[in-house]
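File shown here: upload_18.txt, holding compact mmCIF, C-alpha atoms and all ligand atoms.
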```txt
# COMPACT_ATOMS: atom_id res chain seq x y z
CA MET A 1 214.51 66.12 108.17
CA ASN A 2 211.40 64.01 107.60
CA SER A 3 208.99 63.80 110.52
CA PRO A 4 209.13 60.40 112.26
CA ASN A 5 205.49 59.90 111.28
CA LYS A 6 206.54 59.79 107.62
CA ALA A 7 208.88 56.88 108.34
CA PRO A 8 207.90 53.60 106.66
CA ILE A 9 206.50 50.43 108.20
CA GLY A 10 208.74 47.45 107.42
CA ILE A 11 207.08 44.12 106.66
CA PHE A 12 209.00 40.99 105.75
CA ASP A 13 208.72 37.34 104.86
CA SER A 14 210.71 34.69 103.01
CA GLY A 15 208.74 35.39 99.82
CA ILE A 16 205.28 36.44 98.68
CA GLY A 17 203.39 35.01 101.69
CA GLY A 18 203.81 38.14 103.78
CA LEU A 19 201.95 40.09 101.11
CA THR A 20 198.78 38.75 102.73
CA VAL A 21 199.83 40.82 105.77
CA ALA A 22 201.01 43.79 103.68
CA LYS A 23 197.63 43.87 101.92
CA ALA A 24 195.76 44.01 105.23
CA VAL A 25 198.10 46.73 106.52
CA ALA A 26 197.68 48.82 103.35
CA GLU A 27 193.89 48.52 103.75
CA ALA A 28 193.89 49.41 107.46
CA LEU A 29 196.48 52.16 107.06
CA PRO A 30 196.15 53.54 103.52
CA ASN A 31 198.33 56.59 104.22
CA GLU A 32 201.35 54.67 105.41
CA HIS A 33 204.55 54.19 103.48
CA ILE A 34 205.12 50.42 103.45
CA ILE A 35 208.41 48.71 102.71
CA TYR A 36 207.93 45.03 101.93
CA PHE A 37 210.89 42.68 101.88
CA GLY A 38 210.64 39.18 100.36
CA ASP A 39 213.71 36.97 100.63
CA THR A 40 212.96 35.27 97.31
CA ALA A 41 216.52 33.96 96.83
CA ARG A 42 216.32 31.93 100.03
CA VAL A 43 212.65 30.90 100.26
CA PRO A 44 211.50 28.51 101.76
CA TYR A 45 212.50 29.18 105.36
CA GLY A 46 210.25 26.51 106.84
CA ILE A 47 212.59 23.60 106.10
CA LYS A 48 215.76 25.36 107.30
CA SER A 49 217.44 25.27 110.70
CA THR A 50 216.73 27.74 113.49
CA GLU A 51 220.23 29.24 113.16
CA THR A 52 219.90 29.82 109.41
CA VAL A 53 216.45 31.40 109.64
CA ARG A 54 217.58 33.57 112.54
CA ASP A 55 220.59 34.73 110.56
CA TYR A 56 218.46 35.64 107.51
CA ALA A 57 215.85 37.37 109.67
CA LEU A 58 218.43 39.52 111.43
CA GLN A 59 219.97 40.57 108.10
CA ILE A 60 216.55 41.69 106.89
CA THR A 61 215.78 43.45 110.17
CA ASP A 62 219.06 45.31 109.85
CA PHE A 63 218.15 46.30 106.27
CA LEU A 64 214.78 47.64 107.44
CA ILE A 65 216.37 49.56 110.32
CA GLN A 66 218.77 51.18 107.82
CA LYS A 67 215.69 52.22 105.83
CA GLY A 68 214.48 54.10 108.92
CA VAL A 69 211.32 52.10 109.64
CA LYS A 70 209.15 53.13 112.59
CA MET A 71 207.68 49.64 113.08
CA ILE A 72 208.57 46.09 112.00
CA LEU A 73 205.99 43.43 111.20
CA ILE A 74 207.33 39.87 111.10
CA ALA A 75 204.99 38.54 108.40
CA CYS A 76 206.48 35.07 108.64
CA ASN A 77 205.48 32.48 111.22
CA THR A 78 208.75 30.58 110.90
CA VAL A 79 210.72 33.72 111.73
CA SER A 80 208.27 34.56 114.52
CA ALA A 81 208.87 31.09 115.98
CA PHE A 82 212.67 31.14 115.63
CA ALA A 83 213.86 34.71 115.94
CA LYS A 84 211.32 37.05 117.49
CA ASP A 85 213.34 37.82 120.63
CA GLU A 86 216.54 38.42 118.66
CA ILE A 87 214.69 40.76 116.26
CA ILE A 88 213.23 42.73 119.19
CA GLN A 89 216.73 43.04 120.62
CA LEU A 90 218.22 44.25 117.33
CA ALA A 91 215.34 46.68 116.76
CA LYS A 92 216.31 48.57 119.92
CA GLY A 93 212.92 50.00 120.80
CA ILE A 94 211.34 50.04 117.33
CA PRO A 95 208.04 48.20 117.90
CA VAL A 96 208.02 44.65 116.52
CA LEU A 97 204.78 42.74 115.87
CA ASP A 98 204.60 39.08 114.88
CA VAL A 99 202.07 36.82 113.22
CA ILE A 100 202.06 34.03 115.83
CA SER A 101 200.85 36.40 118.56
CA ALA A 102 198.34 37.89 116.10
CA GLY A 103 197.05 34.49 114.94
CA THR A 104 196.62 33.24 118.49
CA GLU A 105 194.77 36.38 119.57
CA THR A 106 192.46 36.09 116.56
CA ALA A 107 191.69 32.46 117.40
CA PHE A 108 190.67 33.47 120.93
CA SER A 109 188.61 36.40 119.71
CA HIS A 110 186.21 33.85 118.19
CA PRO A 111 183.75 32.05 120.46
CA LYS A 112 185.00 28.54 119.61
CA HIS A 113 188.43 27.50 120.80
CA GLN A 114 188.12 24.14 122.51
CA HIS A 115 190.16 22.36 119.89
CA ILE A 116 192.35 24.42 117.58
CA GLY A 117 194.03 23.00 114.49
CA VAL A 118 197.26 24.61 113.30
CA ILE A 119 198.89 24.17 109.91
CA GLY A 120 202.33 25.61 109.29
CA THR A 121 205.82 24.98 108.01
CA LEU A 122 207.96 22.19 109.44
CA GLY A 123 209.92 24.79 111.38
CA THR A 124 206.86 26.42 112.94
CA VAL A 125 205.18 23.11 113.80
CA ASN A 126 208.34 21.55 115.27
CA SER A 127 209.07 24.68 117.32
CA GLU A 128 205.67 24.23 119.06
CA ALA A 129 205.47 28.03 119.25
CA TYR A 130 201.72 27.95 118.57
CA ILE A 131 201.14 25.32 121.24
CA ARG A 132 202.91 27.52 123.80
CA ALA A 133 201.08 30.67 122.68
CA ILE A 134 197.67 28.94 122.74
CA LYS A 135 198.27 27.28 126.11
CA GLU A 136 199.24 30.67 127.55
CA HIS A 137 195.77 31.92 126.60
CA ASN A 138 194.00 28.79 127.81
CA ALA A 139 195.79 25.74 129.17
CA SER A 140 192.81 23.44 128.48
CA THR A 141 192.53 24.17 124.74
CA VAL A 142 193.51 21.11 122.69
CA VAL A 143 195.91 21.82 119.82
CA SER A 144 196.45 19.56 116.78
CA GLN A 145 199.20 20.55 114.38
CA LYS A 146 200.22 19.49 110.89
CA ALA A 147 203.20 20.61 108.84
CA CYS A 148 202.38 21.28 105.17
CA PRO A 149 205.77 21.89 103.55
CA LEU A 150 204.61 21.65 99.92
CA LEU A 151 202.20 24.57 100.22
CA VAL A 152 204.89 27.26 100.19
CA PRO A 153 206.46 26.25 96.85
CA LEU A 154 202.96 25.90 95.39
CA ALA A 155 202.05 29.41 96.52
CA GLU A 156 205.35 30.83 95.26
CA GLU A 157 204.55 29.24 91.90
CA GLY A 158 201.12 30.86 91.92
CA TRP A 159 199.43 27.45 91.98
CA ILE A 160 196.72 28.18 94.49
CA ASN A 161 193.57 26.88 92.90
CA ASN A 162 194.55 24.15 90.46
CA ASP A 163 194.22 20.36 90.76
CA ILE A 164 197.70 19.92 92.23
CA ALA A 165 197.00 22.50 94.95
CA LYS A 166 193.65 20.87 95.76
CA LEU A 167 195.12 17.37 95.90
CA THR A 168 197.97 18.50 98.14
CA LEU A 169 195.57 20.28 100.48
CA THR A 170 193.28 17.26 100.58
CA GLU A 171 196.18 15.07 101.69
CA TYR A 172 197.38 17.53 104.35
CA LEU A 173 193.95 18.40 105.76
CA GLU A 174 192.58 14.84 105.86
CA PRO A 175 193.51 14.20 109.54
CA PHE A 176 191.56 17.29 110.68
CA LYS A 177 188.31 15.87 109.31
CA SER A 178 188.06 13.32 112.11
CA LEU A 179 189.61 15.46 114.87
CA ASN A 180 186.61 17.66 115.53
CA ILE A 181 188.53 20.93 115.51
CA ASP A 182 186.48 24.12 115.86
CA SER A 183 189.04 26.43 114.27
CA LEU A 184 192.06 26.13 112.00
CA ILE A 185 194.93 28.60 112.25
CA LEU A 186 196.69 29.25 108.95
CA GLY A 187 200.08 29.29 110.67
CA CYS A 188 202.06 30.32 107.62
CA THR A 189 201.48 33.58 105.80
CA HIS A 190 201.56 31.79 102.45
CA TYR A 191 198.48 29.73 103.37
CA PRO A 192 195.81 32.48 103.21
CA LEU A 193 196.41 32.37 99.46
CA PHE A 194 194.56 29.03 99.59
CA LYS A 195 191.79 30.43 101.78
CA GLU A 196 189.07 30.06 99.19
CA VAL A 197 189.79 26.38 98.62
CA ILE A 198 190.36 25.23 102.22
CA PRO A 199 186.73 25.26 103.52
CA SER A 200 185.52 23.03 100.70
CA ILE A 201 188.35 20.58 101.34
CA LEU A 202 187.57 20.45 105.07
CA ALA A 203 183.93 19.90 104.06
CA ASN A 204 182.81 21.61 107.25
CA ASP A 205 181.55 25.20 107.25
CA ASN A 206 181.60 25.35 111.03
CA ILE A 207 185.37 25.39 111.25
CA GLU A 208 186.61 28.96 111.73
CA ILE A 209 189.57 29.66 109.42
CA ILE A 210 192.02 31.93 111.22
CA ASP A 211 194.29 34.25 109.27
CA SER A 212 196.52 36.59 111.29
CA ALA A 213 196.76 39.33 108.62
CA GLU A 214 193.83 41.50 109.69
CA SER A 215 194.61 41.16 113.35
CA ILE A 216 198.27 42.21 113.00
CA ALA A 217 197.20 45.13 110.79
CA ASN A 218 194.72 46.31 113.44
CA THR A 219 197.33 45.99 116.18
CA ALA A 220 199.77 48.01 114.08
CA LYS A 221 197.13 50.70 113.63
CA MET A 222 196.31 50.85 117.34
CA LYS A 223 199.98 51.00 118.28
CA LEU A 224 200.77 53.78 115.82
CA GLU A 225 197.72 55.72 117.03
CA ALA A 226 198.87 55.35 120.63
CA MET A 227 202.36 56.48 119.63
CA ARG A 228 200.84 59.39 117.67
CA ALA A 229 202.96 58.14 114.78
CA LEU A 230 200.37 57.80 112.01
CA ASN A 231 201.32 59.12 108.59
CA ASP A 232 198.75 61.33 106.92
CA SER A 233 200.04 61.53 103.40
CA SER A 234 202.17 58.82 101.78
CA GLY A 235 200.51 55.55 100.77
CA LYS A 236 203.72 54.48 99.00
CA PHE A 237 204.33 50.72 98.62
CA GLU A 238 207.96 49.75 98.04
CA CYS A 239 209.13 46.18 97.47
CA TYR A 240 212.58 44.67 97.85
CA VAL A 241 213.45 41.09 97.00
CA THR A 242 216.68 39.09 96.89
CA ASP A 243 215.94 37.39 93.51
CA ARG A 244 213.49 37.09 90.59
CA PRO A 245 211.96 40.59 90.79
CA GLN A 246 209.84 40.20 87.67
CA ARG A 247 208.21 37.02 88.94
CA PHE A 248 207.56 38.65 92.30
CA HIS A 249 206.12 41.73 90.60
CA GLU A 250 203.57 39.68 88.64
CA LEU A 251 202.49 37.58 91.61
CA ALA A 252 202.40 40.57 93.96
CA GLU A 253 200.10 42.55 91.69
CA ARG A 254 197.85 39.52 91.34
CA PHE A 255 197.61 38.94 95.09
CA LEU A 256 197.40 42.59 96.11
CA GLY A 257 194.87 43.33 93.39
CA ARG A 258 196.65 46.59 92.52
CA LYS A 259 199.61 47.93 90.56
CA ILE A 260 202.89 48.34 92.39
CA SER A 261 205.96 50.27 91.37
CA ASN A 262 209.25 48.60 90.52
CA VAL A 263 210.46 45.74 92.65
CA ILE A 264 214.07 46.34 93.65
CA VAL A 265 216.61 43.53 93.94
CA THR A 266 218.89 43.84 96.90
CA HIS A 267 221.67 41.59 98.19
CA LEU A 268 222.07 41.35 101.92
N1 LIG B 301 205.43 32.51 105.01
C1 LIG B 301 206.35 32.02 105.96
C2 LIG B 301 205.72 31.56 107.23
O1 LIG B 301 204.73 32.14 107.62
C3 LIG B 301 207.53 31.23 105.47
C4 LIG B 301 207.30 30.05 104.65
C5 LIG B 301 208.59 29.45 104.16
O2 LIG B 301 209.41 30.20 103.65
O3 LIG B 301 208.76 28.24 104.32
O4 LIG B 301 206.20 30.67 107.90
```
Could you render the structure as structure tokens?
Ligand code: DGL
Amino acid sequence: MNSPNKAPIGIFDSGIGGLTVAKAVAEALPNEHIIYFGDTARVPYGIKSTETVRDYALQITDFLIQKGVKMILIACNTVSAFAKDEIIQLAKGIPVLDVISAGTETAFSHPKHQHIGVIGTLGTVNSEAYIRAIKEHNASTVVSQKACPLLVPLAEEGWINNDIAKLTLTEYLEPFKSLNIDSLILGCTHYPLFKEVIPSILANDNIEIIDSAESIANTAKMKLEAMRALNDSSGKFECYVTDRPQRFHELAERFLGRKISNVIVTHL
């Protein structure tokens, strides 16, 4: 039987967005076997109901549990907002980390957090999960949110730096220019793909751009160390999707900046 330390880490999202998290995890934990799941047949999640997203998320969690994962990373803010407790329950003791907790902690690790801007999917923004998480850290922090539903399809299309992407971002980010925010949480794991463009659109270098990927990767590392569950020899990166594997493969290699083995289609 394989040692539990050799078990994979499961990371999932509705599509390619969670690869921003998977990339950070692979960098922080290069010896780990990572299983990435992208629900490409059903992306986007951010415009769907709580019940639907919860249902999808639990199916994926079940899939990852069947794969024998030793830790689950919810690399999707919408799922974190809608289904975190249910996932923890289903995981029965397998540690579960989520990007909303990670993003909030990162925002408070920076010196400026008087007024935090949050951009996310409709689901995440309407759930007010970030407002609750931020207010738990500091009740007097002001939070301004904006849903940016067009950014996920743009990212899935690989349109992250063209005129359409820039125009869309300009429209969405306009209100933040007069709000005097000191940091902006990228509250959707697809949004870090636009990270290079966002500062120029905000036209303010003093706004801290918060991406939860590194923070969740570091927490995963610390937790596995504490559990004495680090792998010392795999480094394997496996991808499962529910549709369009070739498209995913191309985009994934572009965003990860490395070759990956075959992307496997699976039906839940
Ligand atoms: N990347 C996901 C998130 O962080 C989901 C986006 C979507 O599918 O709408 O919310």
Would you list the contacts of Pro199 (chain A) as a PyMOL selection string, taking every protein, DNA or RNA residue within 12 Å and counting only C-alpha atoms, but skipping same-chain residues closer than 5 positions in sequence?
-> chain A and resi 166+169-170+173+176-177+183-184+192+194+204-210
Between chain A and ligand LIG 301 (chain B), at 9 Å or less, what are the per-residue closest atom pairs and their distances in Å? Count all atoms listed in the file, order by chain and rising residue number, and return it as a Markdown table.
```
| residue | atom | partner | partner_atom | distance |
| --- | --- | --- | --- | --- |
| A:Asp13 | CA | B:LIG301 | N1 | 5.8 |
| A:Ser14 | CA | B:LIG301 | O2 | 4.7 |
| A:Gly15 | CA | B:LIG301 | O2 | 6.5 |
| A:Ile16 | CA | B:LIG301 | N1 | 7.5 |
| A:Gly17 | CA | B:LIG301 | N1 | 4.6 |
| A:Gly18 | CA | B:LIG301 | N1 | 6.0 |
| A:Asp39 | CA | B:LIG301 | O2 | 8.6 |
| A:Thr40 | CA | B:LIG301 | O2 | 8.9 |
| A:Arg42 | CA | B:LIG301 | O2 | 8.0 |
| A:Val43 | CA | B:LIG301 | O2 | 4.7 |
| A:Pro44 | CA | B:LIG301 | O2 | 3.3 |
| A:Tyr45 | CA | B:LIG301 | O2 | 3.7 |
| A:Gly46 | CA | B:LIG301 | O3 | 3.4 |
| A:Ile47 | CA | B:LIG301 | O3 | 6.3 |
| A:Lys48 | CA | B:LIG301 | O3 | 8.1 |
| A:Ile74 | CA | B:LIG301 | O1 | 8.9 |
| A:Ala75 | CA | B:LIG301 | O1 | 6.5 |
| A:Cys76 | CA | B:LIG301 | O1 | 3.6 |
| A:Asn77 | CA | B:LIG301 | O1 | 3.7 |
| A:Thr78 | CA | B:LIG301 | O4 | 3.9 |
| A:Val79 | CA | B:LIG301 | O4 | 6.7 |
| A:Ser80 | CA | B:LIG301 | O4 | 8.0 |
| A:Ala81 | CA | B:LIG301 | O4 | 8.5 |
| A:Val99 | CA | B:LIG301 | O1 | 7.8 |
| A:Ile100 | CA | B:LIG301 | O1 | 8.8 |
| A:Gly120 | CA | B:LIG301 | O4 | 6.5 |
| A:Thr121 | CA | B:LIG301 | O4 | 5.7 |
| A:Leu122 | CA | B:LIG301 | O3 | 8.0 |
| A:Gly123 | CA | B:LIG301 | O4 | 7.8 |
| A:Thr124 | CA | B:LIG301 | O4 | 6.6 |
| A:Pro149 | CA | B:LIG301 | O3 | 7.1 |
| A:Leu150 | CA | B:LIG301 | O3 | 8.9 |
| A:Leu151 | CA | B:LIG301 | O3 | 8.6 |
| A:Val152 | CA | B:LIG301 | O3 | 5.7 |
| A:Pro153 | CA | B:LIG301 | O3 | 8.1 |
| A:Leu186 | CA | B:LIG301 | O1 | 8.6 |
| A:Gly187 | CA | B:LIG301 | O1 | 6.2 |
| A:Cys188 | CA | B:LIG301 | O1 | 3.2 |
| A:Thr189 | CA | B:LIG301 | O1 | 4.0 |
| A:His190 | CA | B:LIG301 | N1 | 4.7 |
| A:Tyr191 | CA | B:LIG301 | N1 | 7.7 |
```
Trp159 (chain A) proximity check over A:Leu256, A:Val197, A:Ala203, A:Ile94, using all atoms listed in the file: winner is A:Val197
So which residues fall inside 12 Å of (201.9, 51.0, 120.4) if we count all atoms listed in the file? Mind giving them as a list in words?
->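 Checking each residue against the 12 Å limit leaves Lys70, Met71, Ile72, Gly93, Ile94, Pro95, Val96, Leu97, Asn218, Thr219, Ala220, Lys221, Met222, Lys223, Leu224, Glu225, Ala226, Met227, Arg228, Ala229 and Leu230 of chain A.
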With distances taken over all atoms listed in the file, which of A:Gly117, A:Pro30, A:Gly38, A:Gly10 is nearest to Asp243 (chain A)?
->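 Looking only at the distances to Asp243 (chain A), the closest residue turns out to be A:Gly38.
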What does the distance from CA of Val69 (chain A) to CA of Thr266 (chain A) come to in Å, to one decimal?
-> 17.0 Å
Please, what distance in Å, to one decimal, runs between CA of Leu73 (chain A) and CA of Lys259 (chain A)?
-> 22.1 Å
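Between CA of His110 (chain A) and CA of Ala139 (chain A) there is a distance of 16.7 Å.
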What lies within 9 Å of Asp232 (chain A) using only C-alpha atoms, ignoring chain neighbours under 2 positions off, as a list of chain:residue names?
->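 Surrounding residues, per the criterion: A:Asn5, A:Lys6, A:Pro30, A:Asn31, A:Glu32, A:Leu230, A:Ser234, A:Gly235.
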Among the residues A:Ser101, A:Ser215, A:Thr141, A:Gln59, the one that comes closest to Ala129 (chain A) [using only C-alpha atoms] |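 Smallest separation from Ala129 (chain A) among the options: A:Ser101.
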Determine the nearest neighbour of Gln246 (chain A) from the options A:Pro175, A:Asn138, A:Ser233, A:Val265, counting all atoms listed in the file.
-> A:Val265
